file model_29.tsv (TSV, C-alpha atoms)
chain	number	residue	atom	x	y	z
G	1	MET	CA	21.59	-36.64	3.48
G	2	THR	CA	24.75	-38.68	4.10
G	3	THR	CA	27.26	-39.67	1.45
G	4	HIS	CA	27.02	-43.15	-0.11
G	5	LYS	CA	30.46	-44.77	-0.33
G	6	GLN	CA	33.06	-42.79	-2.28
G	7	VAL	CA	32.36	-39.66	-4.26
G	8	LYS	CA	34.69	-38.05	-6.78
G	9	VAL	CA	35.04	-34.50	-8.02
G	10	LYS	CA	33.24	-33.87	-11.30
G	11	LYS	CA	33.24	-30.07	-11.36
G	12	ILE	CA	34.50	-27.45	-8.92
G	13	LEU	CA	32.11	-24.51	-8.64
G	14	ASN	CA	34.12	-22.70	-5.96
G	15	ASN	CA	36.19	-23.48	-2.88
G	16	ASN	CA	33.15	-24.51	-0.87
G	17	VAL	CA	30.84	-26.10	-3.47
G	18	ILE	CA	31.50	-28.90	-5.93
G	19	ILE	CA	29.56	-31.21	-8.23
G	20	ALA	CA	30.55	-34.81	-7.54
G	21	GLU	CA	30.00	-38.22	-9.09
G	22	HIS	CA	28.01	-40.48	-6.79
G	23	GLU	CA	27.31	-44.22	-7.08
G	24	LYS	CA	23.68	-44.03	-6.08
G	25	PHE	CA	22.57	-40.55	-7.19
G	26	SER	CA	24.82	-40.05	-10.26
G	27	GLU	CA	25.50	-36.35	-9.59
G	28	VAL	CA	25.35	-34.60	-6.24
G	29	VAL	CA	26.12	-31.14	-4.93
G	30	LEU	CA	28.56	-31.16	-2.01
G	31	ILE	CA	29.08	-28.23	0.31
G	32	GLY	CA	31.85	-27.88	2.86
G	33	ASN	CA	34.35	-25.30	4.03
G	34	GLY	CA	37.27	-25.48	1.56
G	35	ILE	CA	35.95	-28.73	0.04
G	36	GLY	CA	37.00	-27.69	-3.46
G	37	PHE	CA	40.37	-26.13	-2.56
G	38	ALA	CA	43.33	-27.62	-4.54
G	39	LYS	CA	41.08	-30.36	-5.91
G	40	LYS	CA	40.85	-31.50	-9.52
G	41	LYS	CA	38.44	-33.65	-11.52
G	42	GLY	CA	38.45	-37.28	-10.39
G	43	ASP	CA	39.83	-36.63	-6.90
G	44	PRO	CA	38.05	-38.53	-4.10
G	45	ILE	CA	36.23	-36.45	-1.48
G	46	PRO	CA	36.65	-37.53	2.17
G	47	GLN	CA	33.28	-37.80	3.88
G	48	SER	CA	34.64	-35.81	6.83
G	49	THR	CA	34.90	-32.68	4.63
G	50	VAL	CA	31.25	-32.82	3.47
G	51	GLU	CA	28.98	-30.59	5.53
G	52	LYS	CA	25.93	-30.81	3.27
G	53	MET	CA	24.96	-32.86	0.26
G	54	PHE	CA	21.93	-33.01	-1.96
G	55	ALA	CA	21.05	-34.72	-5.21
G	56	LEU	CA	19.24	-33.20	-8.15
G	57	THR	CA	17.96	-36.30	-9.89
G	58	ASN	CA	16.27	-34.39	-12.70
G	59	ALA	CA	18.82	-33.74	-15.48
G	60	LYS	CA	17.26	-30.42	-16.50
G	61	GLN	CA	17.32	-29.16	-12.91
G	62	GLN	CA	20.95	-30.26	-12.52
G	63	GLU	CA	21.89	-28.08	-15.48
G	64	GLN	CA	19.83	-25.14	-14.20
G	65	TYR	CA	21.49	-25.33	-10.80
G	66	LYS	CA	25.00	-25.57	-12.28
G	67	LYS	CA	24.32	-22.51	-14.43
G	68	LEU	CA	22.94	-20.58	-11.48
G	69	LEU	CA	25.66	-21.27	-8.90
G	70	PRO	CA	28.53	-19.28	-10.49
G	71	PHE	CA	26.42	-16.13	-10.09
G	72	ILE	CA	25.65	-16.78	-6.42
G	73	ASP	CA	27.89	-15.62	-3.59
G	74	GLU	CA	29.54	-18.51	-1.68
G	75	LYS	CA	28.07	-17.37	1.62
G	76	MET	CA	24.66	-17.19	0.00
G	77	ILE	CA	24.94	-20.82	-1.16
G	78	GLU	CA	25.62	-21.92	2.43
G	79	VAL	CA	22.77	-19.79	3.76
G	80	MET	CA	20.37	-21.23	1.17
G	81	ASN	CA	21.10	-24.76	2.29
G	82	ASP	CA	20.45	-23.75	5.90
G	83	ILE	CA	17.17	-22.24	4.70
G	84	ILE	CA	16.10	-25.37	2.85
G	85	ASP	CA	17.01	-27.50	5.88
G	86	LEU	CA	14.87	-25.14	8.01
G	87	ILE	CA	11.91	-25.37	5.62
G	88	SER	CA	12.13	-29.16	5.40
G	89	SER	CA	12.29	-29.48	9.18
G	90	LYS	CA	9.44	-27.05	9.89
G	91	MET	CA	7.12	-28.42	7.20
G	92	SER	CA	7.92	-32.04	8.18
G	93	VAL	CA	7.64	-33.22	4.58
G	94	SER	CA	10.04	-33.91	1.74
G	95	LEU	CA	10.41	-30.94	-0.62
G	96	SER	CA	10.50	-30.90	-4.39
G	97	GLU	CA	14.17	-30.64	-5.29
G	98	HIS	CA	13.41	-27.72	-7.60
G	99	ILE	CA	13.27	-25.45	-4.56
G	100	HIS	CA	17.10	-25.49	-4.55
G	101	ILE	CA	16.98	-23.62	-7.85
G	102	SER	CA	13.82	-21.51	-7.68
G	103	LEU	CA	14.23	-20.19	-4.13
G	104	THR	CA	17.98	-19.55	-4.50
G	105	ASP	CA	17.32	-17.60	-7.69
G	106	HIS	CA	14.41	-15.68	-6.15
G	107	ILE	CA	16.20	-14.64	-2.96
G	108	SER	CA	19.40	-13.68	-4.82
G	109	PHE	CA	17.38	-11.47	-7.15
G	110	ALA	CA	15.47	-9.94	-4.22
G	111	ILE	CA	18.77	-9.07	-2.49
G	112	LYS	CA	20.04	-7.34	-5.64
G	113	ARG	CA	16.83	-5.31	-5.88
G	114	LEU	CA	17.14	-4.22	-2.25
G	115	GLN	CA	20.80	-3.27	-2.71
G	116	GLN	CA	19.80	-1.15	-5.71
G	117	GLY	CA	17.16	0.60	-3.63
G	118	MET	CA	14.27	-0.96	-5.55
G	119	GLY	CA	11.11	-1.68	-3.61
G	120	ILE	CA	9.46	-5.10	-3.39
G	121	LYS	CA	5.66	-5.02	-3.51
G	122	ASN	CA	3.43	-8.03	-3.03
G	123	PRO	CA	-0.20	-7.49	-4.11
G	124	PHE	CA	-1.23	-10.95	-2.83
G	125	LEU	CA	0.33	-10.77	0.64
G	126	GLN	CA	-2.86	-10.93	2.71
G	127	GLU	CA	-4.39	-13.65	0.54
G	128	THR	CA	-1.19	-15.73	0.73
G	129	LYS	CA	-1.17	-15.41	4.52
G	130	LEU	CA	-4.77	-16.65	4.68
G	131	LEU	CA	-4.44	-19.45	2.13
G	132	TYR	CA	-1.11	-20.87	3.30
G	133	PRO	CA	-0.74	-20.04	7.01
G	134	LYS	CA	1.86	-22.73	7.77
G	135	GLU	CA	3.98	-21.81	4.76
G	136	TYR	CA	3.69	-18.14	5.71
G	137	GLU	CA	4.85	-18.86	9.26
G	138	VAL	CA	7.88	-20.81	7.99
G	139	ALA	CA	8.63	-18.10	5.40
G	140	SER	CA	8.68	-15.59	8.24
G	141	ASP	CA	11.34	-17.72	9.97
G	142	VAL	CA	13.30	-17.79	6.69
G	143	ILE	CA	13.25	-13.99	6.51
G	144	THR	CA	14.45	-13.77	10.12
G	145	LEU	CA	17.34	-16.11	9.29
G	146	LEU	CA	18.24	-14.09	6.18
G	147	ASN	CA	18.06	-10.77	8.00
G	148	ASN	CA	20.27	-12.00	10.82
G	149	THR	CA	22.80	-13.85	8.66
G	150	LEU	CA	23.17	-11.39	5.80
G	151	GLU	CA	22.53	-8.24	7.87
G	152	ILE	CA	19.84	-7.10	5.46
G	153	THR	CA	16.23	-6.10	6.03
G	154	PHE	CA	13.63	-7.73	3.83
G	155	PRO	CA	10.17	-6.12	3.62
G	156	GLU	CA	7.13	-8.03	4.82
G	157	GLY	CA	5.96	-8.61	1.26
G	158	GLU	CA	8.90	-10.94	0.69
G	159	ILE	CA	7.46	-13.36	3.27
G	160	GLY	CA	4.51	-13.93	0.94
G	161	PHE	CA	6.72	-14.67	-2.07
G	162	ILE	CA	8.80	-17.18	-0.12
G	163	ALA	CA	5.62	-18.79	1.27
G	164	LEU	CA	4.51	-19.47	-2.32
G	165	HIS	CA	7.88	-21.10	-3.10
G	166	ILE	CA	7.46	-23.28	0.00
G	167	HIS	CA	3.92	-24.27	-1.00
G	168	SER	CA	5.19	-25.12	-4.49
G	169	ALA	CA	7.92	-27.36	-3.04
G	170	VAL	CA	5.55	-29.06	-0.58
G	171	THR	CA	2.78	-29.77	-3.12
G	172	ASN	CA	5.13	-30.31	-6.07
G	173	LYS	CA	3.00	-27.88	-8.09
G	174	PRO	CA	4.65	-25.41	-10.49
G	175	LEU	CA	5.10	-21.97	-8.99
G	176	SER	CA	3.45	-20.47	-12.09
G	177	GLU	CA	0.25	-22.40	-11.29
G	178	ILE	CA	0.25	-21.21	-7.67
G	179	ASN	CA	0.85	-17.60	-8.75
G	180	GLN	CA	-2.06	-17.85	-11.20
G	181	HIS	CA	-4.22	-19.20	-8.38
G	182	SER	CA	-3.38	-16.15	-6.23
G	183	GLU	CA	-3.96	-13.79	-9.15
G	184	LEU	CA	-7.39	-15.29	-9.83
G	185	ILE	CA	-8.52	-14.99	-6.21
G	186	SER	CA	-7.28	-11.39	-6.08
G	187	ARG	CA	-9.27	-10.63	-9.25
G	188	LEU	CA	-12.41	-12.18	-7.74
G	189	ILE	CA	-12.11	-9.96	-4.66
G	190	GLN	CA	-11.80	-6.92	-6.96
G	191	ILE	CA	-15.12	-7.95	-8.55
G	192	VAL	CA	-16.74	-8.06	-5.10
G	193	GLU	CA	-15.45	-4.60	-4.20
G	194	LYS	CA	-16.55	-3.15	-7.54
G	195	GLU	CA	-20.07	-4.60	-7.32
G	196	PHE	CA	-20.58	-3.84	-3.63
G	197	LYS	CA	-18.92	-0.41	-3.90
G	198	PHE	CA	-16.91	-0.76	-0.69
G	199	LYS	CA	-13.44	-1.82	0.38
G	200	VAL	CA	-13.49	-5.29	1.90
G	201	ASP	CA	-12.11	-5.54	5.44
G	202	ARG	CA	-9.15	-7.89	4.99
G	203	ASN	CA	-9.11	-8.65	8.72
G	204	SER	CA	-12.72	-9.77	9.04
G	205	ILE	CA	-13.54	-13.42	9.68
G	206	HIS	CA	-15.99	-13.33	6.76
G	207	TYR	CA	-13.20	-12.31	4.40
G	208	VAL	CA	-11.01	-15.14	5.69
G	209	ARG	CA	-13.84	-17.61	5.09
G	210	LEU	CA	-14.53	-16.23	1.60
G	211	ILE	CA	-10.87	-16.49	0.58
G	212	ARG	CA	-10.65	-20.08	1.76
G	213	HIS	CA	-13.94	-20.94	0.07
G	214	LEU	CA	-12.69	-19.43	-3.20
G	215	TYR	CA	-9.53	-21.52	-2.91
G	216	TYR	CA	-11.54	-24.73	-2.61
G	217	THR	CA	-14.00	-23.64	-5.31
G	218	VAL	CA	-11.13	-23.18	-7.77
G	219	ASP	CA	-9.64	-26.50	-6.67
G	220	ARG	CA	-12.96	-28.29	-7.20
G	221	ALA	CA	-13.35	-26.75	-10.65
G	222	LYS	CA	-9.85	-27.84	-11.67
G	223	ASN	CA	-10.59	-31.39	-10.50
G	224	ALA	CA	-14.15	-31.42	-11.96
G	225	GLU	CA	-15.48	-32.20	-8.48
G	226	GLN	CA	-19.25	-31.75	-8.34
G	227	VAL	CA	-21.17	-30.28	-5.41
G	228	ASN	CA	-24.86	-30.71	-4.66
G	229	GLU	CA	-27.17	-27.83	-5.51
G	230	PRO	CA	-29.68	-26.77	-2.84
G	231	ASP	CA	-32.55	-25.73	-5.17
G	232	LYS	CA	-34.85	-24.15	-2.56
G	233	LEU	CA	-32.05	-22.04	-1.15
G	234	LYS	CA	-31.04	-20.97	-4.65
G	235	ILE	CA	-34.53	-19.56	-5.35
G	236	LEU	CA	-34.58	-17.74	-2.00
G	237	LEU	CA	-31.16	-16.17	-2.50
G	238	LYS	CA	-31.86	-15.20	-6.09
G	239	ASN	CA	-35.08	-13.42	-5.14
G	240	GLU	CA	-34.08	-11.88	-1.81
G	241	TYR	CA	-30.44	-10.94	-2.42
G	242	PRO	CA	-30.01	-10.24	-6.16
G	243	LEU	CA	-26.79	-8.21	-5.77
G	244	CYS	CA	-24.99	-11.00	-3.93
G	245	TYR	CA	-26.41	-13.67	-6.23
G	246	ASN	CA	-25.51	-11.81	-9.44
G	247	THR	CA	-22.03	-11.00	-8.13
G	248	ALA	CA	-21.49	-14.68	-7.35
G	249	TRP	CA	-22.46	-15.50	-10.95
G	250	LYS	CA	-19.97	-12.97	-12.29
G	251	MET	CA	-17.26	-14.52	-10.12
G	252	VAL	CA	-18.07	-18.00	-11.43
G	253	LYS	CA	-17.93	-16.77	-15.05
G	254	VAL	CA	-14.49	-15.21	-14.42
G	255	MET	CA	-13.30	-18.49	-12.89
G	256	GLU	CA	-14.47	-20.40	-15.95
G	257	GLN	CA	-12.72	-18.00	-18.34
G	258	PHE	CA	-9.54	-18.02	-16.29
G	259	LEU	CA	-9.38	-21.79	-15.70
G	260	LYS	CA	-10.88	-22.73	-19.07
G	261	LYS	CA	-12.99	-25.25	-17.16
G	262	PRO	CA	-16.69	-25.34	-16.20
G	263	VAL	CA	-17.71	-24.41	-12.65
G	264	PHE	CA	-20.82	-26.17	-11.33
G	265	GLU	CA	-23.86	-23.94	-10.83
G	266	ALA	CA	-24.19	-25.00	-7.20
G	267	GLU	CA	-21.03	-23.00	-6.42
G	268	VAL	CA	-23.07	-19.82	-7.04
G	269	VAL	CA	-25.30	-20.60	-4.08
G	270	TYR	CA	-22.45	-21.13	-1.65
G	271	LEU	CA	-20.59	-18.07	-2.91
G	272	THR	CA	-23.76	-16.00	-2.48
G	273	MET	CA	-23.98	-17.01	1.18
G	274	HIS	CA	-20.38	-15.96	1.75
G	275	LEU	CA	-21.03	-12.63	0.04
G	276	LEU	CA	-24.08	-12.10	2.25
G	277	ARG	CA	-21.98	-12.53	5.37
G	278	LEU	CA	-19.29	-10.26	3.96
G	279	SER	CA	-21.78	-7.52	3.14
G	280	ASN	CA	-23.34	-7.77	6.63
G	281	LYS	CA	-26.78	-8.19	5.09
G	282	THR	CA	-27.52	-11.13	7.33
G	283	SER	CA	-25.84	-13.14	10.09
G	284	SER	CA	-28.26	-16.04	10.02
G	285	LEU	CA	-26.95	-17.75	6.86
call {"tool": "encode", "arguments": {"input": "model_29.tsv", "output": "structure tokens"}}
result
Amino acid sequence: MTTHKQVKVKKILNNNVIIAEHEKFSEVVLIGNGIGFAKKKGDPIPQSTVEKMFALTNAKQQEQYKKLLPFIDEKMIEVMNDIIDLISSKMSVSLSEHIHISLTDHISFAIKRLQQGMGIKNPFLQETKLLYPKEYEVASDVITLLNNTLEITFPEGEIGFIALHIHSAVTNKPLSEINQHSELISRLIQIVEKEFKFKVDRNSIHYVRLIRHLYYTVDRAKNAEQVNEPDKLKILLKNEYPLCYNTAWKMVKVMEQFLKKPVFEAEVVYLTMHLLRLSNKTSSL
């Protein structure tokens, strides 16, 4: 983003980061080597000294970012803007501006945990990789950039967490909603493993298809999108494969409780077919 006419210092956060008054965007964050040195409130900022600039148009997010920055290392602030540029470029879409706050906060906290010798575990890593492959790929590039720039080694699980932040910024959905989505799908897989009494092969194509189907099932339920019910197939599945059919029903009931929304009965039929493939009972369906 380029500057729009003259900008003036509003608040100096450190030598390299300032909050400035801007004609078009009201308040902007400016980053540049030594941009805040020997400056005071009201001083004009030459465009030649601005390396990066972004606007937080939401007042609440402006305040959150200003409160966060004093606790972030100057080098980290620069790295984070490189990261957000990388994400924006790779995803080829505009990002929700909240990513400046949420991802900066998340990565800073993750670094502190690593420095304190605390492990980072991600119980939804495989599911995240399957559900959001593009975001996961970009998150992997982010980790490579962080490792190289900060000379630190992030565990693989961190890729999954960053992928969720990217998905949140791309879809403009709250991260809490996306995390709940992942938690629900993980819980549904636990039901399958409990009922079938075996550990699901996370690398199988049938597992990949089930995870993606669950994602769209949840999405349809949230949007009250109806699907057609194949009655004849329902009777066949119910009679011939009761374990798969009953497990599918249990999964639907858990979805309804979790989402507090009804799930159409037809979803049971399609879930049953996925469970049949997963359990290797048949390859014809």
call {"tool": "closest_residue", "arguments": {"input": "model_29.tsv", "among": "G:Leu68, G:Leu210, G:Val79, G:Leu175", "to": "Ser96 in chain G", "atoms": "all atoms listed in the file"}}
result
G:Leu175
call {"tool": "residues_near_point", "arguments": {"input": "model_29.tsv", "point": "(23.8, -13.1, -7.1)", "cutoff": "8 Å", "atoms": "all atoms listed in the file", "output": "list in words"}}
result
Phe71, Ile72, Asp73, Asp105, Ser108, Phe109, Ile111 and Lys112 of chain G
call {"tool": "closest_residue", "arguments": {"input": "model_29.tsv", "among": "G:Glu267, G:Glu240, G:Glu229, G:Glu177", "to": "Tyr216 in chain G", "atoms": "all atoms listed in the file"}}
result
G:Glu267
call {"tool": "closest_residue", "arguments": {"input": "model_29.tsv", "among": "G:Trp249, G:His206, G:Val93, G:Val269", "to": "Asn228 in chain G", "atoms": "only C-alpha atoms"}}
result
G:Val269
call {"tool": "closest_atom_pairs", "arguments": {"input": "model_29.tsv", "of": "range 44-89 of chain G", "to": "range 136-155 of chain G", "cutoff": "9 Å", "atoms": "all atoms listed in the file", "output": "Markdown table"}}
result
| residue | atom | partner | partner_atom | distance |
| --- | --- | --- | --- | --- |
| G:Lys75 | CA | G:Leu150 | CA | 8.8 |
| G:Met76 | CA | G:Leu150 | CA | 8.3 |
| G:Val79 | CA | G:Leu146 | CA | 7.7 |
| G:Met80 | CA | G:Leu146 | CA | 9.0 |
| G:Asp82 | CA | G:Leu145 | CA | 8.9 |
| G:Ile83 | CA | G:Val142 | CA | 6.2 |
| G:Ile84 | CA | G:Val142 | CA | 8.9 |
| G:Leu86 | CA | G:Val142 | CA | 7.6 |
| G:Ile87 | CA | G:Val138 | CA | 6.5 |
call {"tool": "closest_residue", "arguments": {"input": "model_29.tsv", "among": "G:Glu195, G:Glu97, G:Glu158, G:Asp219", "to": "Asn81 in chain G", "atoms": "all atoms listed in the file"}}
result
G:Glu97
call {"tool": "closest_residue", "arguments": {"input": "model_29.tsv", "among": "G:Ile162, G:Val208, G:Val263, G:Val192", "to": "Leu243 in chain G", "atoms": "all atoms listed in the file"}}
result
G:Val192
call {"tool": "atom_distance", "arguments": {"input": "model_29.tsv", "atom1": "CA of Lys67 in chain G", "atom2": "CA of Ile101 in chain G"}}
result
9.9 Å
call {"tool": "residues_around", "arguments": {"input": "model_29.tsv", "residues": "Lys8 in chain G", "least_positions_apart": "2", "cutoff": "6 Å", "atoms": "only C-alpha atoms", "output": "list in words"}}
result
Ala20, Glu21, Gly42, Asp43, Pro44 and Ile45 of chain G
call {"tool": "closest_residue", "arguments": {"input": "model_29.tsv", "among": "G:Phe37, G:Asp231, G:Leu30, G:Arg187", "to": "Val252 in chain G", "atoms": "only C-alpha atoms"}}
result
G:Arg187
call {"tool": "residues_around", "arguments": {"input": "model_29.tsv", "residues": "Glu51 in chain G", "least_positions_apart": "5", "cutoff": "12 Å", "atoms": "all atoms listed in the file", "output": "number ranges by chain"}}
result
G: 1-3, 16-18, 29-35, 45-46, 78, 81-82
call {"tool": "write_last_selection", "arguments": {"input": "model_29.tsv", "atoms": "C-alpha atoms", "output": "short mmCIF file (atom, residue, chain, number, x, y, z; two decimals), in the coordinates of the input"}}
result
data_model
loop_
_atom_site.label_atom_id
_atom_site.label_comp_id
_atom_site.auth_asym_id
_atom_site.auth_seq_id
_atom_site.Cartn_x
_atom_site.Cartn_y
_atom_site.Cartn_z
CA MET G 1 21.59 -36.64 3.48
CA THR G 2 24.75 -38.68 4.10
CA THR G 3 27.26 -39.67 1.45
CA ASN G 16 33.15 -24.51 -0.87
CA VAL G 17 30.84 -26.10 -3.47
CA ILE G 18 31.50 -28.90 -5.93
CA VAL G 29 26.12 -31.14 -4.93
CA LEU G 30 28.56 -31.16 -2.01
CA ILE G 31 29.08 -28.23 0.31
CA GLY G 32 31.85 -27.88 2.86
CA ASN G 33 34.35 -25.30 4.03
CA GLY G 34 37.27 -25.48 1.56
CA ILE G 35 35.95 -28.73 0.04
CA ILE G 45 36.23 -36.45 -1.48
CA PRO G 46 36.65 -37.53 2.17
CA GLU G 78 25.62 -21.92 2.43
CA ASN G 81 21.10 -24.76 2.29
CA ASP G 82 20.45 -23.75 5.90
#
call {"tool": "residues_around", "arguments": {"input": "model_29.tsv", "residues": "Ser102 in chain G", "least_positions_apart": "5", "cutoff": "10 Å", "atoms": "all atoms listed in the file", "output": "PyMOL selection string"}}
result
chain G and resi 61+64-65+68+97+107+165+168-169+175
call {"tool": "axis_aligned_box", "arguments": {"input": "model_29.tsv", "around": "range 45-57 of chain G", "padding_each_side": "6 Å", "output": "JSON"}}
result
{"center_x": 27.3, "center_y": -34.2, "center_z": -1.5, "size_x": 30.7, "size_y": 19.2, "size_z": 28.7}
call {"tool": "residues_around", "arguments": {"input": "model_29.tsv", "residues": "Leu278 in chain G", "least_positions_apart": "2", "cutoff": "9 Å", "atoms": "all atoms listed in the file", "output": "PyMOL selection string"}}
result
chain G and resi 200-201+204-207+210+273-276+280-282
call {"tool": "atom_distance", "arguments": {"input": "model_29.tsv", "atom1": "CA of Ala55 in chain G", "atom2": "CA of Glu27 in chain G"}}
result
6.5 Å
